[in-house]
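Source file: structure.txt (compact mmCIF, C-alpha atoms and all ligand atoms)
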# COMPACT_ATOMS: atom_id res chain seq x y z
CA MET P 210 118.16 24.06 -197.20
CA SER P 211 117.36 27.59 -196.22
CA GLN P 212 114.92 29.51 -198.37
CA TYR P 213 117.56 32.21 -198.65
CA GLN P 214 120.32 32.20 -201.24
CA ALA P 215 123.36 34.41 -201.57
CA VAL P 216 122.65 37.44 -203.77
CA LYS P 217 123.48 36.88 -207.43
CA GLY P 218 127.03 37.99 -208.15
CA THR P 219 128.21 37.34 -204.58
CA ARG P 220 129.71 34.19 -203.12
CA ASP P 221 130.62 32.47 -199.88
CA ILE P 222 134.08 31.24 -199.10
CA PHE P 223 134.42 28.08 -197.04
CA PRO P 224 137.53 26.88 -195.20
CA GLU P 225 139.06 24.86 -198.04
CA GLU P 226 138.98 27.84 -200.36
CA GLY P 227 139.75 30.09 -197.42
CA ALA P 228 143.15 28.43 -197.18
CA GLN P 229 143.82 29.45 -200.80
CA TRP P 230 142.82 33.02 -200.03
CA LYS P 231 145.11 33.09 -197.00
CA HIS P 232 147.96 31.74 -199.08
CA VAL P 233 147.55 34.49 -201.68
CA GLU P 234 146.92 37.20 -199.09
CA SER P 235 150.04 36.33 -197.16
CA ALA P 236 152.09 36.50 -200.39
CA VAL P 237 150.67 40.01 -200.93
CA HIS P 238 151.43 41.11 -197.35
CA ARG P 239 154.94 39.70 -197.55
CA MET P 240 155.71 41.35 -200.87
CA ALA P 241 154.26 44.67 -199.66
CA SER P 242 156.58 44.64 -196.72
CA LEU P 243 159.59 43.80 -198.93
CA TYR P 244 158.73 46.78 -201.12
CA GLY P 245 157.93 49.07 -198.18
CA PHE P 246 154.19 49.51 -198.79
CA SER P 247 151.94 49.92 -195.72
CA GLU P 248 148.36 48.77 -195.48
CA VAL P 249 145.51 51.25 -195.80
CA ARG P 250 141.84 50.51 -195.06
CA THR P 251 139.09 52.87 -196.05
CA PRO P 252 135.30 52.73 -195.54
CA VAL P 253 133.19 50.53 -197.80
CA PHE P 254 131.00 53.47 -198.77
CA GLU P 255 131.71 57.08 -199.62
CA TYR P 256 129.74 60.09 -200.81
CA THR P 257 128.63 59.42 -204.37
CA GLU P 258 130.22 62.66 -205.66
CA LEU P 259 133.66 61.32 -204.78
CA PHE P 260 133.35 58.59 -207.42
CA GLN P 261 131.59 60.85 -209.92
CA ARG P 262 134.49 63.28 -209.74
CA GLY P 263 137.26 60.81 -209.11
CA ILE P 264 136.43 58.18 -211.70
CA GLY P 265 134.66 60.29 -214.28
CA ALA P 266 130.99 60.63 -215.12
CA THR P 267 131.37 59.18 -218.62
CA THR P 268 132.78 55.83 -217.48
CA ASP P 269 130.69 52.66 -217.32
CA ILE P 270 131.44 52.34 -213.62
CA VAL P 271 129.88 55.68 -212.71
CA GLY P 272 127.30 55.63 -215.49
CA LYS P 273 125.71 52.30 -214.72
CA GLU P 274 127.58 50.09 -212.28
CA MET P 275 127.44 51.84 -208.92
CA PHE P 276 125.38 50.65 -205.97
CA THR P 277 124.06 53.98 -204.82
CA PHE P 278 121.65 54.61 -201.98
CA GLN P 279 120.20 57.43 -199.95
CA PRO P 280 120.19 56.73 -196.21
CA ASP P 281 117.44 59.29 -195.53
CA PRO P 282 115.41 61.61 -197.76
CA ALA P 283 117.44 64.66 -196.80
CA GLY P 284 120.80 62.87 -196.65
CA ARG P 285 123.57 62.93 -199.23
CA SER P 286 123.73 60.11 -201.72
CA LEU P 287 126.16 57.31 -200.80
CA THR P 288 127.82 54.65 -202.97
CA LEU P 289 129.47 51.32 -202.19
CA ARG P 290 133.03 51.74 -203.42
CA PRO P 291 133.47 50.40 -206.98
CA GLU P 292 137.27 50.83 -206.84
CA MET P 293 139.84 51.86 -204.26
CA THR P 294 141.88 54.67 -205.75
CA ALA P 295 139.37 57.49 -205.23
CA GLY P 296 138.78 56.50 -201.59
CA VAL P 297 142.49 56.17 -200.83
CA MET P 298 143.18 59.55 -202.41
CA ARG P 299 140.29 61.09 -200.47
CA ALA P 300 141.70 59.65 -197.25
CA ALA P 301 145.23 60.86 -198.04
CA LEU P 302 143.99 64.39 -198.76
CA GLN P 303 141.75 64.44 -195.69
CA ARG P 304 144.67 63.37 -193.48
CA ASN P 305 147.02 65.72 -195.33
CA LEU P 306 149.45 62.82 -195.62
CA LEU P 307 151.85 64.54 -197.95
CA SER P 308 152.60 67.24 -195.40
CA GLN P 309 154.10 64.52 -193.19
CA ALA P 310 156.32 62.95 -195.83
CA PRO P 311 156.62 63.63 -199.55
CA VAL P 312 155.99 60.06 -200.68
CA HIS P 313 153.54 57.49 -199.32
CA LYS P 314 153.39 53.88 -200.42
CA LEU P 315 150.08 52.28 -199.55
CA TYR P 316 148.51 48.94 -200.36
CA TYR P 317 145.22 47.20 -199.67
CA ILE P 318 143.22 44.01 -200.01
CA SER P 319 139.62 45.18 -200.19
CA GLU P 320 136.10 44.32 -201.29
CA LEU P 321 134.51 46.30 -204.10
CA PHE P 322 131.01 46.49 -205.54
CA ARG P 323 129.91 46.92 -209.13
CA LYS P 324 126.48 46.34 -210.62
CA GLU P 325 127.78 44.28 -213.53
CA ARG P 326 126.12 41.30 -215.16
CA PRO P 327 127.52 38.36 -213.20
CA GLN P 328 129.45 35.72 -215.14
CA ALA P 329 132.57 33.61 -214.64
CA GLY P 330 135.23 35.92 -213.20
CA ARG P 331 132.81 38.82 -212.92
CA GLN P 332 130.97 39.40 -209.68
CA ARG P 333 129.00 42.16 -208.07
CA GLN P 334 131.09 41.93 -204.94
CA PHE P 335 134.74 41.18 -205.62
CA THR P 336 138.13 41.76 -204.05
CA GLN P 337 141.22 43.56 -205.24
CA PHE P 338 144.69 43.83 -203.91
CA GLY P 339 146.45 46.90 -205.05
CA ALA P 340 148.94 49.62 -204.34
CA GLU P 341 148.87 53.39 -204.51
CA LEU P 342 152.16 55.25 -204.56
CA LEU P 343 151.37 58.87 -203.71
CA GLY P 344 153.77 61.78 -204.20
CA ALA P 345 155.85 60.36 -207.05
CA SER P 346 155.18 59.01 -210.51
CA SER P 347 158.65 59.09 -212.02
CA PRO P 348 159.66 56.18 -214.26
CA ALA P 349 161.31 54.66 -211.17
CA ALA P 350 158.03 54.95 -209.22
CA VAL P 351 156.07 53.37 -212.08
CA ALA P 352 158.63 50.57 -212.29
CA GLU P 353 158.38 50.08 -208.52
CA VAL P 354 154.63 49.37 -208.57
CA VAL P 355 154.77 47.23 -211.72
CA THR P 356 157.62 45.20 -210.25
CA PHE P 357 155.77 44.78 -206.94
CA MET P 358 152.71 43.48 -208.80
CA MET P 359 154.66 41.16 -211.11
CA GLN P 360 156.71 39.76 -208.23
CA VAL P 361 153.53 38.77 -206.41
CA PHE P 362 152.49 36.77 -209.49
CA GLU P 363 155.95 35.28 -209.70
CA THR P 364 156.13 34.11 -206.08
CA LEU P 365 152.70 32.55 -206.47
CA GLY P 366 154.04 30.59 -209.45
CA LEU P 367 151.60 32.04 -211.98
CA SER P 368 152.56 31.65 -215.65
CA GLY P 369 151.00 32.56 -218.99
CA LEU P 370 150.66 36.24 -218.09
CA ARG P 371 150.90 39.06 -220.56
CA LEU P 372 151.75 42.59 -219.46
CA ARG P 373 150.62 45.22 -221.93
CA ILE P 374 151.75 48.79 -221.47
CA ASN P 375 151.10 52.11 -223.15
CA THR P 376 151.46 55.81 -222.60
CA LEU P 377 148.38 58.00 -222.65
CA GLY P 378 150.26 61.29 -222.69
CA ASP P 379 149.09 64.23 -220.59
CA LEU P 380 145.66 65.89 -220.51
CA GLU P 381 146.57 68.21 -223.38
CA ASP P 382 147.82 65.36 -225.58
CA ARG P 383 144.67 63.47 -224.86
CA ALA P 384 142.40 66.42 -225.68
CA ARG P 385 144.05 66.76 -229.10
CA TYR P 386 143.80 63.04 -229.63
CA ARG P 387 140.13 62.96 -228.65
CA GLU P 388 139.42 65.52 -231.32
CA ALA P 389 141.36 63.49 -233.90
CA LEU P 390 139.39 60.36 -232.96
CA ARG P 391 136.08 62.16 -233.34
CA GLU P 392 137.12 63.34 -236.77
CA TYR P 393 138.15 59.82 -237.72
CA PHE P 394 135.00 58.06 -236.49
CA ARG P 395 132.43 60.66 -237.56
CA PRO P 396 132.21 59.52 -241.20
CA TYR P 397 131.55 55.99 -239.88
CA GLU P 398 128.88 57.10 -237.45
CA ALA P 399 126.13 55.05 -239.09
CA GLU P 400 128.22 51.87 -238.83
CA LEU P 401 129.01 52.25 -235.13
CA ASP P 402 127.04 50.28 -232.55
CA ASP P 403 124.84 52.17 -230.08
CA SER P 404 127.32 52.32 -227.24
CA SER P 405 130.16 53.45 -229.48
CA ARG P 406 127.97 56.11 -231.05
CA GLU P 407 127.20 57.37 -227.58
CA ARG P 408 130.90 57.44 -226.76
CA LEU P 409 131.76 59.38 -229.89
CA GLU P 410 130.87 62.73 -228.35
CA LYS P 411 131.31 61.94 -224.65
CA ASN P 412 134.53 59.94 -224.59
CA PRO P 413 135.72 58.65 -227.96
CA LEU P 414 138.76 56.93 -226.39
CA ARG P 415 136.40 54.36 -225.00
CA ILE P 416 135.45 53.24 -228.52
CA LEU P 417 138.92 51.70 -228.70
CA ASP P 418 137.91 49.44 -225.76
CA SER P 419 135.01 48.00 -227.77
CA LYS P 420 134.98 44.22 -228.00
CA ASN P 421 132.54 44.30 -230.96
CA PRO P 422 134.25 42.29 -233.77
CA ALA P 423 132.35 44.28 -236.39
CA LEU P 424 134.30 47.39 -235.36
CA ARG P 425 137.71 45.75 -235.20
CA GLU P 426 138.94 46.89 -238.58
CA MET P 427 137.65 50.39 -238.13
CA ILE P 428 139.39 50.62 -234.75
CA ALA P 429 142.63 49.22 -236.15
CA GLY P 430 142.74 52.07 -238.67
CA ALA P 431 142.15 54.80 -236.06
CA PRO P 432 144.86 57.35 -235.27
CA ARG P 433 147.18 56.27 -232.46
CA LEU P 434 147.31 58.16 -229.18
CA PHE P 435 151.06 57.58 -229.16
CA ASP P 436 151.46 59.90 -232.15
CA TYR P 437 149.91 62.73 -230.12
CA VAL P 438 152.17 62.33 -227.08
CA LYS P 439 154.76 65.07 -226.70
CA ALA P 440 158.44 64.18 -226.94
CA GLU P 441 159.08 64.37 -223.18
CA GLY P 442 156.17 62.01 -222.54
CA VAL P 443 157.60 59.51 -225.01
CA GLU P 444 161.00 59.80 -223.39
CA GLU P 445 159.58 59.12 -219.94
CA PHE P 446 157.73 56.11 -221.28
CA GLU P 447 160.93 54.76 -222.75
CA ARG P 448 162.60 55.12 -219.37
CA VAL P 449 159.83 53.07 -217.78
CA LEU P 450 160.36 50.38 -220.39
CA ARG P 451 164.10 50.40 -219.76
CA PHE P 452 163.50 49.88 -216.03
CA LEU P 453 161.32 46.88 -216.84
CA ASP P 454 163.93 45.53 -219.26
CA ASP P 455 166.55 45.81 -216.53
CA ARG P 456 164.36 43.82 -214.12
CA GLY P 457 163.77 41.15 -216.73
CA ILE P 458 160.03 41.87 -216.84
CA GLY P 459 158.56 41.05 -220.25
CA TYR P 460 155.89 43.32 -221.76
CA ASP P 461 154.19 44.24 -225.00
CA VAL P 462 153.72 47.87 -225.91
CA ASP P 463 150.09 48.12 -226.97
CA HIS P 464 149.03 51.47 -228.37
CA LEU P 465 145.37 50.51 -228.21
CA LEU P 466 145.42 50.11 -224.44
CA VAL P 467 143.57 53.09 -223.01
CA ARG P 468 141.98 51.80 -219.73
CA GLY P 469 138.46 52.77 -218.79
CA LEU P 470 139.10 55.37 -216.13
CA ASP P 471 139.41 59.07 -216.91
CA TYR P 472 142.08 59.97 -214.41
CA TYR P 473 144.92 57.95 -215.92
CA CYS P 474 147.74 59.77 -217.68
CA HIS P 475 151.08 58.77 -219.13
CA THR P 476 151.87 55.13 -218.36
CA ALA P 477 148.95 52.70 -218.21
CA PHE P 478 149.25 48.92 -218.06
CA GLU P 479 147.15 45.80 -217.92
CA VAL P 480 147.91 42.15 -217.22
CA THR P 481 145.92 39.34 -218.78
CA SER P 482 146.12 35.63 -218.06
CA GLU P 483 145.76 32.90 -220.67
CA ALA P 484 144.26 30.68 -217.95
CA LEU P 485 141.15 32.87 -217.83
CA GLY P 486 138.22 32.91 -220.25
CA ALA P 487 136.43 35.93 -221.67
CA GLN P 488 137.21 37.99 -218.56
CA ASP P 489 140.96 37.59 -218.91
CA ALA P 490 142.12 40.85 -217.33
CA ILE P 491 143.72 40.04 -214.02
CA GLY P 492 144.99 43.47 -213.10
CA GLY P 493 145.98 46.86 -214.31
CA GLY P 494 146.97 50.32 -213.33
CA GLY P 495 148.89 53.39 -214.22
CA ARG P 496 149.66 56.98 -213.37
CA TYR P 497 146.92 59.26 -212.12
CA ASP P 498 148.60 62.60 -211.48
CA GLY P 499 145.36 64.48 -212.14
CA LEU P 500 143.24 62.85 -209.46
CA SER P 501 144.33 64.84 -206.41
CA LYS P 502 143.50 68.15 -208.08
CA GLU P 503 140.24 66.75 -209.39
CA LEU P 504 139.28 66.07 -205.76
CA GLY P 505 140.19 69.58 -204.65
CA GLY P 506 143.70 68.82 -203.43
CA LYS P 507 147.07 70.06 -204.61
CA GLU P 508 148.86 68.69 -207.62
CA MET P 509 150.08 65.23 -206.63
CA PRO P 510 151.88 62.74 -208.83
CA ALA P 511 150.65 59.20 -208.19
CA VAL P 512 150.76 55.71 -209.66
CA GLY P 513 149.06 52.47 -208.69
CA PHE P 514 147.64 49.14 -209.71
CA ALA P 515 144.81 46.81 -208.77
CA VAL P 516 144.56 43.05 -209.22
CA GLY P 517 141.34 41.04 -209.05
CA MET P 518 141.78 38.43 -206.32
CA GLU P 519 138.98 36.15 -207.54
CA ARG P 520 140.46 36.01 -211.04
CA LEU P 521 143.92 35.49 -209.62
CA LEU P 522 142.59 32.53 -207.64
CA ILE P 523 140.77 31.10 -210.67
CA ALA P 524 143.97 31.30 -212.74
CA MET P 525 146.01 29.66 -209.96
CA GLU P 526 143.48 26.89 -209.54
CA LYS P 527 143.49 26.22 -213.31
CA GLN P 528 147.28 26.00 -213.24
CA GLY P 529 147.19 23.53 -210.36
CA LEU P 530 149.02 25.89 -208.03
CA PHE P 531 146.93 24.92 -205.03
CA ALA P 532 147.53 21.19 -205.42
CA THR P 533 150.35 21.17 -202.88
CA LEU P 534 148.64 23.58 -200.54
CA ASN P 535 148.10 21.48 -197.47
CA PRO P 536 146.48 23.43 -194.72
CA ARG P 537 148.00 22.30 -191.46
CA GLY P 538 145.83 20.57 -188.88
CA PRO P 539 146.01 21.29 -185.16
CA MET P 540 149.22 20.34 -183.35
CA VAL P 541 147.34 18.18 -180.90
CA TYR P 542 143.91 16.65 -180.37
CA VAL P 543 142.98 16.05 -176.75
CA VAL P 544 141.16 12.71 -176.56
CA VAL P 545 139.03 12.25 -173.46
CA GLN P 546 138.33 8.62 -172.57
CA GLN P 547 135.21 9.09 -170.49
CA SER P 548 132.75 11.92 -170.12
CA GLU P 549 133.52 12.54 -166.43
CA LEU P 550 136.97 13.68 -167.50
CA ALA P 551 135.67 16.23 -170.02
CA ASP P 552 136.27 19.18 -167.69
CA HIS P 553 139.81 18.10 -167.05
CA GLY P 554 140.30 17.73 -170.82
CA MET P 555 139.14 21.31 -171.32
CA GLU P 556 141.58 22.48 -168.69
CA VAL P 557 144.49 20.69 -170.40
CA ALA P 558 143.43 22.09 -173.78
CA PHE P 559 143.31 25.59 -172.31
CA ARG P 560 146.82 25.18 -170.88
CA LEU P 561 148.19 23.97 -174.20
CA ARG P 562 146.62 26.88 -176.05
CA ARG P 563 147.98 29.33 -173.48
CA SER P 564 151.40 27.85 -174.27
CA GLY P 565 150.95 28.67 -177.95
CA ILE P 566 150.08 25.15 -179.12
CA SER P 567 147.13 24.76 -181.51
CA THR P 568 144.76 22.33 -179.82
CA GLU P 569 141.44 20.72 -180.67
CA ILE P 570 139.05 18.93 -178.35
CA ASP P 571 135.64 17.35 -178.76
CA LEU P 572 132.74 19.64 -177.83
CA ALA P 573 129.87 17.30 -178.64
CA GLY P 574 130.37 14.44 -176.16
CA ARG P 575 131.44 11.97 -178.84
CA SER P 576 132.88 8.50 -178.18
CA MET P 577 136.63 8.00 -177.95
CA LYS P 578 136.62 6.25 -181.32
CA ALA P 579 134.79 9.18 -182.88
CA GLN P 580 137.30 11.55 -181.29
CA MET P 581 140.20 9.61 -182.83
CA ARG P 582 138.49 9.67 -186.21
CA GLU P 583 138.10 13.41 -185.90
CA ALA P 584 141.77 13.85 -184.90
CA ASN P 585 142.79 12.00 -188.09
CA ARG P 586 140.30 13.87 -190.25
CA LEU P 587 141.69 17.18 -189.01
CA ARG P 588 145.20 15.86 -189.59
CA ALA P 589 146.33 16.60 -186.04
CA ALA P 590 150.04 15.91 -185.50
CA TYR P 591 149.55 14.35 -182.05
CA ALA P 592 146.82 12.91 -179.85
CA LEU P 593 146.96 13.45 -176.12
CA PHE P 594 144.99 10.88 -174.09
CA ILE P 595 143.16 11.66 -170.90
CA GLY P 596 141.94 8.65 -168.90
CA GLN P 597 141.38 7.99 -165.21
CA SER P 598 144.99 7.00 -164.49
CA GLU P 599 146.34 10.00 -166.45
CA PHE P 600 144.05 12.23 -164.44
CA GLU P 601 145.34 10.75 -161.19
CA THR P 602 149.05 10.62 -162.00
CA GLY P 603 149.28 13.81 -164.09
CA ARG P 604 151.15 11.84 -166.78
CA TYR P 605 149.50 11.70 -170.17
CA GLY P 606 149.82 9.47 -173.20
CA LEU P 607 151.11 11.39 -176.23
CA LYS P 608 150.85 9.69 -179.59
CA ASN P 609 152.55 10.91 -182.73
CA LEU P 610 149.80 10.34 -185.31
CA VAL P 611 152.26 10.12 -188.19
CA THR P 612 154.72 7.57 -186.75
CA SER P 613 152.27 6.05 -184.20
CA GLU P 614 155.01 6.30 -181.54
CA GLN P 615 153.59 6.77 -178.07
CA THR P 616 155.12 8.05 -174.83
CA THR P 617 153.82 8.91 -171.39
CA LEU P 618 154.94 12.24 -170.00
CA GLU P 619 154.06 15.05 -167.63
CA ILE P 620 152.27 18.01 -169.08
CA GLY P 621 155.36 20.29 -168.86
CA ALA P 622 157.43 17.86 -170.95
CA ILE P 623 154.56 17.49 -173.44
CA ILE P 624 154.35 21.24 -173.83
CA ASP P 625 158.10 21.37 -174.51
CA ILE P 626 157.86 18.74 -177.26
CA LEU P 627 154.81 20.27 -178.93
CA ARG P 628 156.23 23.76 -178.75
CA GLU P 629 159.42 22.65 -180.38
CA THR P 630 157.46 20.98 -183.17
CA SER P 631 155.33 24.12 -183.60
CA VAL P 632 158.44 26.28 -183.97
CA GLU P 633 159.96 23.88 -186.49
CA GLU P 634 156.75 23.86 -188.51
CA SER P 635 156.40 27.60 -188.55
CA GLN P 636 160.03 27.93 -189.66
CA ARG P 637 159.31 25.54 -192.48
CA GLY P 638 156.54 28.02 -193.31
P1 LIG W 701 139.63 47.70 -212.90
O1 LIG W 701 139.56 48.45 -211.61
O2 LIG W 701 138.33 47.67 -213.63
O3 LIG W 701 140.81 48.05 -213.73
O4 LIG W 701 139.87 46.19 -212.47
C1 LIG W 701 141.09 45.70 -212.02
C2 LIG W 701 140.95 44.21 -211.87
O5 LIG W 701 139.91 43.90 -210.95
C3 LIG W 701 140.54 43.50 -213.15
O6 LIG W 701 141.65 43.22 -213.93
C4 LIG W 701 139.89 42.26 -212.61
O7 LIG W 701 140.86 41.29 -212.28
C5 LIG W 701 139.23 42.73 -211.34
N1 LIG W 701 137.79 43.01 -211.55
C6 LIG W 701 137.22 44.13 -212.05
N2 LIG W 701 135.88 44.02 -212.05
C7 LIG W 701 135.58 42.82 -211.53
C8 LIG W 701 134.36 42.12 -211.25
N3 LIG W 701 133.17 42.65 -211.49
N4 LIG W 701 134.45 40.86 -210.71
C9 LIG W 701 135.65 40.31 -210.46
N5 LIG W 701 136.82 40.93 -210.69
C10 LIG W 701 136.80 42.16 -211.21

Is it possible to give me this structure as structure tokens?
Ligand code: AMP
Amino acid sequence: MSQYQAVKGTRDIFPEEGAQWKHVESAVHRMASLYGFSEVRTPVFEYTELFQRGIGATTDIVGKEMFTFQPDPAGRSLTLRPEMTAGVMRAALQRNLLSQAPVHKLYYISELFRKERPQAGRQRQFTQFGAELLGASSPAAVAEVVTFMMQVFETLGLSGLRLRINTLGDLEDRARYREALREYFRPYEAELDDSSRERLEKNPLRILDSKNPALREMIAGAPRLFDYVKAEGVEEFERVLRFLDDRGIGYDVDHLLVRGLDYYCHTAFEVTSEALGAQDAIGGGGRYDGLSKELGGKEMPAVGFAVGMERLLIAMEKQGLFATLNPRGPMVYVVVQQSELADHGMEVAFRLRRSGISTEIDLAGRSMKAQMREANRLRAAYALFIGQSEFETGRYGLKNLVTSEQTTLEIGAIIDILRETSVEESQRG
């Protein structure tokens, strides 16, 4: 064993699990293309100020979870991205995307970094898939991203999910509400825990996020943000809910849902999974119309979501959704009978691969028996035998490893058979 270990809060993914990732990723890519979202990739690090402005200085993420570094003493501070929205918005503004078309629908599958205390379902490097719809945040736009997200879960077969949804009103509603919360909590100041007391002045909405059971009753009695939302905000929210009703998407309206990030407004939502433990949030999102302006751009309505891939995979595993996932082996394993024919074997393998047929061949000079064992272990569909007579006649033995049927054919005919099988398999998906 090496003396080096992976950094705490990070993990390696090996082929078996890799197949699960690929399965989920391809469902995301497929759904994105059905909904007309295009992939965006942004750098892993950005200037620290982007996140300070874009996420909000009073949030936990910016306050204590960012991996920040200074490349040189005179250089500007950099931060590994702790979420995607700020970077995507920065990129959209930098490219002036909205001057090309009024609405952009972007999605991503990306690694993020947060200095959190690692535990099950909580890592320091993790992955999210998500979408950002820029240029619109109408009830239809909100419904579009929520439906996209929920349909990914549905195609993956995930059950036991709960979608909670709320409206946060606009900035003005929230300012009035913040004041009301301060007034409500102030008389209880002595009973609050340290972090809630700190939040009281800076960002009292965050007190509602507290998981401290001692505060539960106090929080339950707090004024509701919903009562501070103007009539048009409430009406918009109801239209979002109607869209979801029409799509048959179940939800619970939860007036305590506020989400940690400052830039959310109006609709916010979160999905939890009963298959997960303490860290049961699998994804969430909402409208962030204020972000563009916050970053120095023009007013830009926007709505998005992000889903934690690791948690999604944990939930799927717990629900046995990978049990039938059978990663396919190579189409053919080229078995070389004696070492003098190894070069010829490589040439045949090369030809097969050039013809679009997935091919494996021994690279370690193993015996024929060991090669056959390997072909079975890899679950190859066929074995192609290369012996002296095959080499001389150009006709090779082809064995179907499922039925054990064997034929002797020229390479062209073999390619035709294997190609046909490959096409059939890929059509079966
Ligand atoms: P957030 O950006 O905090 O709203 O997170 C969105 C989703 O990302 C959450 O619902 C989780 O599924 C996932 N997530 C957030 N933080 C972590 C983390 N430290 N480790 C693993 N997944 C995370």

Once you count all atoms listed in the file, what closest atom pair and distance in Å to one decimal does each residue of chain P within 8 Å of ligand LIG 701 (chain W) have, with rows by chain and rising residue number, as a tab-separated table?
residue	atom	partner	partner_atom	distance
P:Pro291	CA	W:LIG701	O1	7.9
P:Glu292	CA	W:LIG701	O1	5.8
P:Phe322	CA	W:LIG701	N3	7.4
P:Arg323	CA	W:LIG701	N3	5.9
P:Lys324	CA	W:LIG701	N3	7.7
P:Glu325	CA	W:LIG701	N3	6.0
P:Pro327	CA	W:LIG701	N3	7.3
P:Gly330	CA	W:LIG701	C9	5.2
P:Arg331	CA	W:LIG701	N4	3.4
P:Gln332	CA	W:LIG701	N4	3.9
P:Arg333	CA	W:LIG701	N3	5.4
P:Gln334	CA	W:LIG701	N4	6.8
P:Phe335	CA	W:LIG701	C9	5.0
P:Thr336	CA	W:LIG701	N5	6.8
P:Gln337	CA	W:LIG701	O5	5.9
P:Arg468	CA	W:LIG701	O3	7.2
P:Gly469	CA	W:LIG701	O2	7.3
P:Leu470	CA	W:LIG701	O3	7.9
P:Glu479	CA	W:LIG701	O6	7.3
P:Val480	CA	W:LIG701	O6	7.2
P:Thr481	CA	W:LIG701	O6	7.5
P:Gln488	CA	W:LIG701	C4	7.8
P:Asp489	CA	W:LIG701	O6	7.5
P:Ala490	CA	W:LIG701	O6	4.2
P:Ile491	CA	W:LIG701	O7	3.6
P:Gly492	CA	W:LIG701	O6	3.5
P:Gly493	CA	W:LIG701	O3	5.3
P:Gly494	CA	W:LIG701	O3	6.6
P:Phe514	CA	W:LIG701	C1	7.8
P:Ala515	CA	W:LIG701	C1	5.1
P:Val516	CA	W:LIG701	C2	4.6
P:Gly517	CA	W:LIG701	O7	3.3
P:Met518	CA	W:LIG701	O7	6.7
P:Glu519	CA	W:LIG701	C9	6.1
P:Arg520	CA	W:LIG701	O7	5.4
P:Leu521	CA	W:LIG701	O7	7.1

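With distances restricted to all atoms listed in the file, P:Ser419 is the closest residue to Leu465 (chain P) from P:Thr267, P:Ser501, P:Gln261, P:Ser419.
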
Near-region 278-286 of chain P list (10 Å; all atoms listed in the file; drop same-chain fewer than 3 positions) as a ChimeraX atom specification: /P:254-258,275,289

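Counting all atoms listed in the file and comparing P:Gly554, P:Gly538, P:Gly263, P:Pro224, the residue that lies closest to Gly505 (chain P) is P:Gly263.
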
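Among the candidates P:Leu550, P:Ala573, P:Val354, P:Leu434, the residue lying nearest to Glu388 (chain P) is P:Leu434 (atoms considered: all atoms listed in the file).
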
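Take the candidates P:Tyr316, P:Met210, P:Glu225, P:Asp455 and check each one against Thr251 (chain P) using only C-alpha atoms; the shortest distance goes to P:Tyr316.
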
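Minimum atom-to-atom distance to Arg262 (chain P), evaluated using only C-alpha atoms, belongs to P:Lys502 out of P:Arg582, P:His475, P:Lys502, P:Arg220.
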
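Of the listed residues (P:Gly430, P:Gly265, P:Pro348, P:Gly606), P:Gly606 comes nearest to Gln546 (chain P); the distances count all atoms listed in the file.
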
Can I get the residues of region 424-511 of chain P within 12 Å of region 398-401 of chain P, each with the closest pair of atoms and their distance in Å to one decimal, using all atoms listed in the file, sorted chain first then ascending number, as a tab-separated table?
residue	atom	partner	partner_atom	distance
P:Leu424	CA	P:Leu401	CA	7.2
P:Arg425	CA	P:Leu401	CA	10.9
P:Glu426	CA	P:Leu401	CA	11.8
P:Met427	CA	P:Leu401	CA	9.3
P:Ile428	CA	P:Leu401	CA	10.5
